[in-house]
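As provided, protein21.cif (mmCIF, C-alpha atoms) reads as follows.
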data_start
#
loop_
_atom_site.label_atom_id
_atom_site.label_comp_id
_atom_site.auth_asym_id
_atom_site.auth_seq_id
_atom_site.Cartn_x
_atom_site.Cartn_y
_atom_site.Cartn_z
CA GLY A 326 11.09 12.57 3.31
CA ALA A 327 7.57 12.76 1.93
CA VAL A 328 4.87 12.55 4.58
CA VAL A 329 1.24 11.64 4.16
CA SER A 330 -1.14 12.31 7.02
CA GLN A 331 -4.44 10.50 7.36
CA HIS A 332 -7.19 11.47 9.77
CA PRO A 333 -8.89 10.15 11.79
CA SER A 334 -6.89 7.08 12.72
CA ARG A 335 -9.92 5.32 14.15
CA VAL A 336 -13.67 5.76 13.84
CA ILE A 337 -16.45 3.87 15.57
CA CYS A 338 -19.98 4.84 14.60
CA LYS A 339 -23.51 3.61 14.21
CA SER A 340 -24.91 2.03 11.10
CA GLY A 341 -26.31 4.61 8.69
CA THR A 342 -23.76 7.28 9.55
CA SER A 343 -21.59 8.86 6.87
CA VAL A 344 -17.89 9.02 7.68
CA LYS A 345 -15.29 11.30 6.14
CA ILE A 346 -11.60 10.38 6.04
CA GLU A 347 -8.95 12.93 5.13
CA CYS A 348 -5.64 12.33 3.40
CA ARG A 349 -3.09 15.12 3.28
CA SER A 350 0.34 15.38 1.69
CA LEU A 351 2.31 17.47 4.17
CA ASP A 352 5.41 18.49 2.31
CA PHE A 353 4.66 17.96 -1.36
CA GLN A 354 1.93 18.51 -3.89
CA ALA A 355 0.01 15.43 -4.90
CA THR A 356 -2.02 15.66 -8.08
CA THR A 357 -2.90 12.04 -7.59
CA MET A 358 -3.88 10.19 -4.46
CA PHE A 359 -5.04 6.62 -4.09
CA TRP A 360 -7.50 5.00 -1.70
CA TYR A 361 -7.09 1.41 -0.60
CA ARG A 362 -9.09 -0.93 1.55
CA GLN A 363 -7.54 -3.72 3.58
CA PHE A 364 -9.37 -6.55 5.31
CA PRO A 365 -7.72 -8.39 8.21
CA LYS A 366 -4.78 -10.54 7.15
CA GLN A 367 -5.22 -9.55 3.54
CA SER A 368 -3.40 -7.35 1.08
CA LEU A 369 -4.23 -3.81 0.06
CA MET A 370 -6.98 -3.48 -2.51
CA LEU A 371 -7.10 -0.36 -4.63
CA MET A 372 -10.50 1.27 -4.49
CA ALA A 373 -10.05 4.43 -6.50
CA THR A 374 -7.63 6.96 -7.91
CA SER A 375 -8.25 10.51 -6.81
CA ASN A 376 -7.27 13.22 -9.26
CA GLU A 377 -7.00 16.86 -8.25
CA GLY A 378 -9.64 18.96 -9.95
CA SER A 379 -11.39 16.09 -11.67
CA LYS A 380 -13.53 13.06 -10.94
CA ALA A 381 -12.06 10.05 -9.23
CA THR A 382 -11.53 6.83 -11.13
CA TYR A 383 -13.02 3.82 -9.39
CA GLU A 384 -11.88 0.23 -9.63
CA GLN A 385 -14.29 -2.40 -10.82
CA GLY A 386 -16.78 -3.39 -8.17
CA VAL A 387 -16.36 -0.24 -6.06
CA GLU A 388 -19.55 1.80 -5.76
CA LYS A 389 -18.82 5.44 -6.47
CA ASP A 390 -22.02 6.60 -4.77
CA LYS A 391 -21.03 4.68 -1.66
CA PHE A 392 -17.46 5.88 -1.51
CA LEU A 393 -17.40 9.56 -2.42
CA ILE A 394 -13.99 11.01 -3.21
CA ASN A 395 -13.14 14.68 -3.39
CA HIS A 396 -9.68 15.99 -4.30
CA ALA A 397 -10.18 19.74 -4.03
CA SER A 398 -6.56 20.78 -3.60
CA LEU A 399 -3.07 19.54 -4.35
CA THR A 400 -2.61 18.47 -0.75
CA LEU A 401 -5.96 17.07 0.29
CA SER A 402 -8.20 14.21 -0.77
CA THR A 403 -11.21 13.01 1.19
CA LEU A 404 -13.06 9.72 1.16
CA THR A 405 -16.62 9.72 2.48
CA VAL A 406 -18.25 6.40 3.24
CA THR A 407 -21.93 7.22 2.90
CA SER A 408 -24.60 5.53 5.00
CA ALA A 409 -22.04 3.11 6.37
CA HIS A 410 -23.05 -0.41 7.35
CA PRO A 411 -21.17 -3.10 9.28
CA GLU A 412 -19.85 -4.65 6.07
CA ASP A 413 -18.05 -1.35 5.38
CA SER A 414 -15.92 -1.90 8.48
CA SER A 415 -12.35 -2.13 7.33
CA PHE A 416 -8.92 -0.49 7.33
CA TYR A 417 -8.79 2.32 4.78
CA ILE A 418 -5.41 3.60 3.63
CA CYS A 419 -4.53 6.48 1.34
CA SER A 420 -1.37 7.13 -0.58
CA ALA A 421 -0.03 10.08 -2.50
CA GLU A 422 2.27 10.46 -5.42
CA ASN A 423 4.76 13.31 -5.52
CA ARG A 424 4.46 14.83 -8.95
CA GLY A 425 7.76 15.89 -10.39
CA SER A 426 9.71 13.18 -8.61
CA ASN A 427 10.21 9.55 -9.46
CA GLN A 428 9.45 8.51 -5.93
CA PRO A 429 6.94 5.74 -5.34
CA GLN A 430 3.71 6.36 -3.49
CA HIS A 431 3.88 7.25 0.17
CA PHE A 432 1.16 5.91 2.43
CA GLY A 433 -0.80 7.37 5.30
CA ASP A 434 -1.15 5.48 8.55
CA GLY A 435 -4.63 4.26 7.74
CA THR A 436 -8.07 4.67 9.29
CA ARG A 437 -9.71 1.82 11.18
CA LEU A 438 -13.45 2.12 10.51
CA SER A 439 -15.81 0.14 12.71
CA ILE A 440 -19.54 0.31 12.05
CA LEU A 441 -21.77 -0.98 14.83
CA GLY B 1323 -5.14 -8.36 -14.61
CA GLN B 1324 -1.57 -8.45 -13.44
CA GLN B 1325 -1.08 -10.44 -10.28
CA LEU B 1326 1.86 -10.78 -7.96
CA ASN B 1327 2.50 -14.14 -6.32
CA GLN B 1328 4.32 -13.64 -3.06
CA SER B 1329 5.86 -16.38 -0.95
CA PRO B 1330 6.11 -17.57 1.67
CA GLN B 1331 2.82 -16.53 3.20
CA SER B 1332 4.34 -16.53 6.68
CA MET B 1333 7.65 -17.20 8.38
CA PHE B 1334 8.60 -17.94 11.97
CA ILE B 1335 12.29 -17.46 12.66
CA GLN B 1336 14.72 -17.01 15.52
CA GLU B 1337 16.40 -13.70 16.14
CA GLY B 1338 19.65 -13.51 14.23
CA GLU B 1339 18.54 -15.68 11.34
CA ASP B 1340 18.43 -14.50 7.75
CA VAL B 1341 15.14 -14.29 5.85
CA SER B 1342 14.27 -14.46 2.20
CA MET B 1343 10.96 -13.83 0.47
CA ASN B 1344 10.06 -13.40 -3.17
CA CYS B 1345 7.49 -12.25 -5.65
CA THR B 1346 6.77 -13.49 -9.14
CA SER B 1347 4.49 -12.34 -11.89
CA SER B 1348 3.32 -13.63 -15.22
CA SER B 1349 3.71 -10.09 -16.58
CA ILE B 1350 6.76 -7.90 -16.91
CA PHE B 1351 7.16 -5.11 -14.38
CA ASN B 1352 9.36 -2.05 -14.86
CA THR B 1353 9.43 -1.29 -11.17
CA TRP B 1354 9.45 -3.48 -8.09
CA LEU B 1355 8.71 -2.07 -4.66
CA TRP B 1356 9.02 -3.64 -1.24
CA TYR B 1357 6.96 -2.29 1.66
CA LYS B 1358 6.67 -3.21 5.33
CA GLN B 1359 3.46 -2.81 7.27
CA ASP B 1360 3.29 -2.80 11.06
CA PRO B 1361 -0.03 -3.64 12.75
CA GLY B 1362 -2.54 -0.80 12.49
CA GLU B 1363 -0.31 1.33 10.30
CA GLY B 1364 0.18 2.07 6.64
CA PRO B 1365 2.91 0.47 4.51
CA VAL B 1366 6.35 2.01 4.61
CA LEU B 1367 8.61 1.83 1.57
CA LEU B 1368 11.74 -0.24 2.17
CA ILE B 1369 13.35 -0.54 -1.23
CA ALA B 1370 12.49 0.51 -4.79
CA LEU B 1371 13.96 -1.23 -7.81
CA TYR B 1372 13.86 0.29 -11.27
CA LYS B 1373 16.21 -1.73 -13.43
CA ALA B 1374 16.36 -5.41 -14.37
CA GLY B 1375 19.21 -7.10 -12.50
CA GLU B 1376 19.47 -4.26 -9.99
CA LEU B 1377 20.57 -5.23 -6.51
CA THR B 1378 19.87 -2.64 -3.83
CA SER B 1379 20.54 -2.60 -0.11
CA ASN B 1380 19.00 -0.65 2.74
CA GLY B 1381 20.82 -1.54 5.94
CA ARG B 1382 20.20 -5.22 6.63
CA LEU B 1383 17.75 -5.43 3.74
CA THR B 1384 18.72 -6.39 0.21
CA ALA B 1385 16.40 -6.66 -2.75
CA GLN B 1386 16.94 -7.66 -6.35
CA PHE B 1387 15.03 -6.97 -9.53
CA GLY B 1388 15.00 -10.21 -11.51
CA ILE B 1389 16.66 -10.22 -14.89
CA THR B 1390 13.46 -11.44 -16.57
CA ARG B 1391 11.60 -8.51 -14.94
CA LYS B 1392 9.02 -10.99 -13.69
CA ASP B 1393 10.37 -11.55 -10.21
CA SER B 1394 12.05 -9.94 -7.22
CA PHE B 1395 13.33 -11.09 -3.86
CA LEU B 1396 13.89 -9.43 -0.51
CA ASN B 1397 16.46 -10.64 1.98
CA ILE B 1398 16.75 -9.60 5.60
CA SER B 1399 20.00 -10.47 7.33
CA ALA B 1400 20.52 -10.98 11.05
CA SER B 1401 16.86 -10.48 11.91
CA ILE B 1402 15.84 -8.61 15.05
CA PRO B 1403 12.49 -8.50 16.89
CA SER B 1404 11.48 -5.18 15.30
CA ASP B 1405 11.57 -6.83 11.88
CA VAL B 1406 8.22 -8.36 12.77
CA GLY B 1407 5.47 -7.26 10.39
CA ILE B 1408 3.96 -7.91 7.01
CA TYR B 1409 6.15 -7.44 3.97
CA PHE B 1410 4.54 -6.65 0.63
CA CYS B 1411 5.94 -6.56 -2.84
CA ALA B 1412 4.24 -4.18 -5.24
CA GLY B 1413 4.47 -3.06 -8.80
CA PRO B 1414 2.76 -0.54 -11.04
CA LEU B 1415 -0.19 -1.70 -13.11
CA ILE B 1416 0.61 0.96 -15.66
CA SER B 1417 4.33 1.17 -16.11
CA GLY B 1418 6.24 4.39 -16.47
CA GLY B 1419 5.32 8.02 -15.89
CA SER B 1420 3.18 9.30 -13.07
CA ASN B 1421 -0.29 8.37 -11.97
CA TYR B 1422 0.44 4.69 -11.88
CA LYS B 1423 -1.62 2.30 -9.84
CA LEU B 1424 0.05 -0.29 -7.66
CA THR B 1425 -0.80 -3.94 -7.40
CA PHE B 1426 0.31 -5.71 -4.25
CA GLY B 1427 1.37 -9.21 -3.43
CA LYS B 1428 -0.56 -10.96 -0.65
CA GLY B 1429 2.18 -10.31 1.85
CA THR B 1430 4.61 -12.30 3.97
CA LEU B 1431 3.95 -12.26 7.70
CA LEU B 1432 7.25 -12.37 9.54
CA THR B 1433 7.50 -13.40 13.18
CA VAL B 1434 10.85 -13.19 14.94
CA ASN B 1435 11.32 -15.06 18.18
CA PRO B 1436 13.79 -13.39 20.55
#
Same coordinates, now as structure tokens:
Amino acid sequence: GAVVSQHPSRVICKSGTSVKIECRSLDFQATTMFWYRQFPKQSLMLMATSNEGSKATYEQGVEKDKFLINHASLTLSTLTVTSAHPEDSSFYICSAENRGSNQPQHFGDGTRLSIL
Amino acid sequence: GQQLNQSPQSMFIQEGEDVSMNCTSSSIFNTWLWYKQDPGEGPVLLIALYKAGELTSNGRLTAQFGITRKDSFLNISASIPSDVGIYFCAGPLISGGSNYKLTFGKGTLLTVNP
């Protein structure tokens, strides 16, 4: 079945550091990928839609300069949390849609980001 | 925007018992999805429903797409300890085609006592 790989699985870094998270579709081409944020004991909140070859679409309230998204190829999207602060600590999850199929989004295993 | 109301919020059951959870919406959905999330991992798709009235099974799991298209339920029969996790319903904010965004219910935390 479709596999989405997310890396790294866990990051711990100092305040002010920028952190890059990668999301790869391993066995299909994904023209669209999605980035979610999940706080403890809460549901997934869509942050942005990443479109291959064009600018990402951000949800209301999500700062595009804070959360930089690049979707340079059909199998890779990256989310960079710039100048991260403790309030950015969260679980970030990506998903990918397999174009040409009617299959729902497949999710990566998430990245636990902890900012000290 | 469209919101999914999922209940119950949590369940504590004994191994072997059956479980039922549901989602409702004030808006019509053309697709209902059920995911399970284990701690520290991403959601895994359990069942996808595409047609009003559709009843679909996946092993011990059964889900139905409500006839009004505003609700769906998920049943788990003969629960086992590995059923523990958070179950989410989800549906597309923009129905049909590709590039749709999902909205999620708040989840049902299932605990199974051996």
Wanna dump the chain B-chain A contacts at 6 Å for me, each residue with its shortest atom pair and the distance in Å to one decimal, counting only C-alpha atoms, ordered by chain and number, as JSON lines?
{"residue": "B:Glu1363", "atom": "CA", "partner": "A:Asp434", "partner_atom": "CA", "distance": 4.6}
{"residue": "B:Gly1364", "atom": "CA", "partner": "A:Asp434", "partner_atom": "CA", "distance": 4.1}
{"residue": "B:Lys1428", "atom": "CA", "partner": "A:Ser368", "partner_atom": "CA", "distance": 4.9}
Surrounding residues of segment 1325-1335 of chain B excluding itself and chain neighbours under 3 positions, 10 Å, all atoms listed in the file, as a ChimeraX atom specification = /B:1338-1349,1392-1395,1401-1403,1406,1408-1413,1415,1425-1436
Quick one: pull the distance between atom CA of Ser439 of chain A and atom CA of Ala409 of chain A, Å, one decimal.
->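 It comes out at 9.4 Å.
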Spell out the residues picked by the PyMOL selection byres ((chain A and resi 392-401) around 8) here, as a PyMOL selection string.
-> chain A and resi 347-351+353-356+375-381+387-391+402-407
Between atom CA of Gln1386 of chain B and atom CA of Ala1400 of chain B, measure the distance and give it in Å to one decimal.
-> 18.1 Å
Please measure the separation of atom CA of Val336 of chain A and atom CA of Pro1361 of chain B, giving the value in Å to one decimal.
->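 A separation of 16.6 Å between them.
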Using only C-alpha atoms, pick whichever of B:Glu1337, B:Asp1360, B:Tyr1372, B:Gly1381 has the shortest atom-to-atom distance to Pro1414 of chain B.
->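 Checking each of B:Glu1337, B:Asp1360, B:Tyr1372, B:Gly1381 against Pro1414 of chain B, counting only C-alpha atoms, the winner is B:Tyr1372.
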Given the file shown, determine the residues that the PyMOL selection byres ((chain A and resi 414) around 8) selects; report them as a list in words.
-> His410, Pro411, Glu412, Asp413, Ser415, Phe416, Arg437, Leu438, Ser439 and Ile440 of chain A
